[in-house]
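Taking it in order: structure first as C-alpha cells, then the write-up.
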Amino acid sequence: MKYLDGSPITLGDVVQVPIPKGTAKARVVMLGETYEHLDIDKGFLEWVKAEKKLNKADIVVEWIGRNPLAHNDPRYAPVGNYMFTAVDEWVKKDALTTRSRRRLRAARSARLSAGVRSHKVPPGPTVMHDFSTPEEALAAFQRAHGERDVESAVEALNFVRAATADLSAKLPPGQVPTPDEIAQRVAERRDEYRKMLHEGGFGKGLNIATCKVISLVERTEEVARFTMTNRDGNMFFSMRVEKESRGWRVVLGS
C-alpha cells in the first residue's frame with residue numbers, strides 16, 4: 001500500500017488524519033490490502049476479520065493521545081480508539097524523527113507488557129470512567145464492551161437489583177434480605193459475571209457497543225431508562241440505569 005505521494009505505507013507509521021476541527025495524529029495499525037496488523041485489541045481484530053470490515057484500499061489507525069472524536073452525546077454510541085480511513089490526499093505521513101519512533105515503540109511495548117490490552121489484569125477497571133450521570137454510565141458500559149474490557153464492564157453494572165431478587169426468592173412472603181446479605185450477594189454476582197466474561201467472552205449476539213440511544217423515556221433522581229436500537233435499526237430495547245452509592249450504573253439484566 002502507498003500514500004498518495006507514492007511512498008509505502010508501513011505498520012507503525014504516524015499519520016495526520018483529518019477531523020472536523022483540523023487534523024490529529026494517529027498510528028497505522030492495520031493494512032486493508034493484506035490485513036497485516038500490529039498488536040491490537042483481540043476482540044476488535046476478530047470483529048474486523050469476521051465481518052470483513054476493512055476495504056482493500058483502507059487502513060486502520062489508532063489515535064495517539066486523547067481520542068479527538070470522543071463525545072458525551074447520549075444519542076450516539078461512544079467511539080473507540082481505532083478508526084477506518086481511506087488513504088487519500090488528506091492522510092499524510094507525519095515527519096517524526098527516528099528517536100521519536102523509538103520512544104513510541106518503547107511506550108507501546110511497555111503498555112502491552114503491563115497488560116493494558118490483556119484481560120489478565122488485577123481486579124479493578126483498566127480505565128477510569130465517569131459515572132456522574134446516567135448517560136455517562138451507559139456510555140461507559142458500551143465502551144467497555146467495545147474494548148472487551150472485562151473489569152470496566154463489571155464496574156459499569158449495578159448488581160443490587162439482581163442480588164436482591166436472588167435473595168428475596170428464597171425468603172417467605174413479607175420478609176426482605178438484610179443490607180449485609182445483599183452486599184454479600186452483590187459481591188458474588190460480580191465474581192460470577194467476571195468469570196463468565198473471562199471464560200465465555202462478550203458473546204456473538206447483540207453488540208451493545210454499536211447500539212444507539214433513541215430517547216430517554218424515564219428520568220427521576222434515582223432511575224433513568226433509555227430506548228435503544230441496534231446498529232441496523234431493526235431491533236429495539238430498553239436499558240435501565242440506577243443511581244447507587246458509587247454513582248450511576250447500568251442495571252444487570254435490564
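Chain labels A, B, ... are given in the sequence in which chains occur in the C-alpha cells; within each chain residues are numbered consecutively from 1, and ligands are likewise numbered from 1 in the order shown.
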
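Once segment 217-229 of chain A and its same-chain neighbours fewer than 5 positions away are set aside, Pro134, Cys211, Lys212, Asn234, Met235, Phe236, Phe237, Ser238, Met239, Arg240, Val241, Glu242, Lys243 and Glu244 of chain A remain within 8 Å of it when counting only C-alpha atoms.
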
Would you mind exporting C-alpha atoms of the selected residues as a PDB file, in the first residue's frame?
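Output file selection-v1.pdb follows:
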ATOM      1  CA  PRO A 134     -26.906   8.025  33.634  1.00  0.00           C
ATOM      2  CA  CYS A 211     -26.107   0.330  19.639  1.00  0.00           C
ATOM      3  CA  LYS A 212     -27.547   3.845  19.632  1.00  0.00           C
ATOM      4  CA  ASN A 234     -34.215  -3.398  13.248  1.00  0.00           C
ATOM      5  CA  MET A 235     -34.187  -4.248  16.969  1.00  0.00           C
ATOM      6  CA  PHE A 236     -35.387  -2.058  19.829  1.00  0.00           C
ATOM      7  CA  PHE A 237     -34.912  -2.492  23.561  1.00  0.00           C
ATOM      8  CA  SER A 238     -34.591  -0.510  26.782  1.00  0.00           C
ATOM      9  CA  MET A 239     -31.708  -0.109  29.206  1.00  0.00           C
ATOM     10  CA  ARG A 240     -32.259   0.819  32.842  1.00  0.00           C
ATOM     11  CA  VAL A 241     -29.691   2.855  34.761  1.00  0.00           C
ATOM     12  CA  GLU A 242     -29.961   3.394  38.520  1.00  0.00           C
ATOM     13  CA  LYS A 243     -28.156   5.588  40.997  1.00  0.00           C
ATOM     14  CA  GLU A 244     -26.332   3.858  43.836  1.00  0.00           C
TER      15      GLU A 244
END

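The set of residues in segment 113-235 of chain A assigned to strand (DSSP E) by DSSP, using only backbone atoms of this structure, is Leu157, Asn158, Lys212, Val213, Ile214, Ser215, Leu216, Val217, Glu218, Arg219, Val223, Ala224, Arg225, Phe226, Thr227, Met228 and Thr229 of chain A.
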
Residue selection dump (N, CA and C atoms) as a compact mmCIF listing (two decimals), in the first residue's frame:
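Written file, out.txt:
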# COMPACT_ATOMS: atom_id res chain seq x y z
N LEU A 157 -21.74 -1.93 35.98
CA LEU A 157 -23.03 -2.55 36.27
C LEU A 157 -23.48 -2.38 37.72
N ASN A 158 -24.79 -2.31 37.86
CA ASN A 158 -25.44 -2.30 39.18
C ASN A 158 -25.99 -3.71 39.42
N LYS A 212 -27.34 2.41 19.49
CA LYS A 212 -27.55 3.84 19.63
C LYS A 212 -28.75 4.14 20.53
N VAL A 213 -28.64 5.22 21.27
CA VAL A 213 -29.74 5.67 22.11
C VAL A 213 -30.73 6.45 21.24
N ILE A 214 -32.00 6.08 21.33
CA ILE A 214 -33.04 6.79 20.58
C ILE A 214 -33.65 7.89 21.44
N SER A 215 -33.97 7.54 22.69
CA SER A 215 -34.59 8.55 23.55
C SER A 215 -34.45 8.16 25.02
N LEU A 216 -34.58 9.16 25.86
CA LEU A 216 -34.64 8.96 27.31
C LEU A 216 -36.11 8.94 27.68
N VAL A 217 -36.63 7.79 28.08
CA VAL A 217 -38.08 7.64 28.29
C VAL A 217 -38.48 7.77 29.75
N GLU A 218 -37.52 7.70 30.65
CA GLU A 218 -37.83 7.85 32.08
C GLU A 218 -36.63 8.46 32.78
N ARG A 219 -36.90 9.44 33.66
CA ARG A 219 -35.78 10.06 34.38
C ARG A 219 -36.28 10.60 35.71
N VAL A 223 -33.49 6.89 38.93
CA VAL A 223 -33.66 5.94 37.82
C VAL A 223 -33.69 6.68 36.48
N ALA A 224 -33.09 6.06 35.47
CA ALA A 224 -33.19 6.54 34.09
C ALA A 224 -33.38 5.33 33.19
N ARG A 225 -34.21 5.47 32.17
CA ARG A 225 -34.44 4.36 31.25
C ARG A 225 -34.35 4.90 29.82
N PHE A 226 -33.54 4.22 29.01
CA PHE A 226 -33.29 4.63 27.64
C PHE A 226 -33.87 3.63 26.65
N THR A 227 -34.43 4.12 25.56
CA THR A 227 -34.79 3.26 24.44
C THR A 227 -33.62 3.27 23.48
N MET A 228 -33.21 2.06 23.05
CA MET A 228 -32.05 1.94 22.18
C MET A 228 -32.37 1.06 20.98
N THR A 229 -31.51 1.12 19.98
CA THR A 229 -31.66 0.27 18.81
C THR A 229 -30.29 -0.28 18.42

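Each of A:Arg143, A:Arg185, A:Lys42, A:Lys93 was compared to Lys25 of chain A using only C-alpha atoms, and A:Lys93 turns out to be the nearest.
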
Shell around Glu46 of chain A at 12 Å using only C-alpha atoms, local window under 4 positions removed, as an mmCIF file with C-alpha atoms, in the first residue's frame:
data_model
loop_
_atom_site.group_PDB
_atom_site.id
_atom_site.type_symbol
_atom_site.label_atom_id
_atom_site.label_comp_id
_atom_site.auth_asym_id
_atom_site.auth_seq_id
_atom_site.Cartn_x
_atom_site.Cartn_y
_atom_site.Cartn_z
ATOM 1 C CA TYR A 35 -4.841 -7.454 6.738
ATOM 2 C CA HIS A 37 -1.586 -5.657 11.746
ATOM 3 C CA ILE A 40 -4.144 -4.509 18.521
ATOM 4 C CA ASP A 41 -7.162 -5.443 20.623
ATOM 5 C CA LYS A 42 -8.025 -9.098 20.010
ATOM 6 C CA ALA A 50 -15.196 -11.908 10.745
ATOM 7 C CA GLU A 51 -17.267 -9.040 9.337
ATOM 8 C CA LYS A 52 -14.707 -8.181 6.598
ATOM 9 C CA LYS A 53 -14.974 -4.540 7.594
ATOM 10 C CA LEU A 54 -11.685 -3.368 6.119
ATOM 11 C CA GLU A 147 -12.935 -2.597 24.043
ATOM 12 C CA ARG A 148 -13.624 -6.070 25.507
ATOM 13 C CA LYS A 204 -21.715 -13.134 19.497
#

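Among A:Arg194, A:Lys92, A:Arg246, A:Arg231, the residue with the shortest atom-to-atom distance to Tyr3 of chain A, counting only C-alpha atoms, is A:Lys92.
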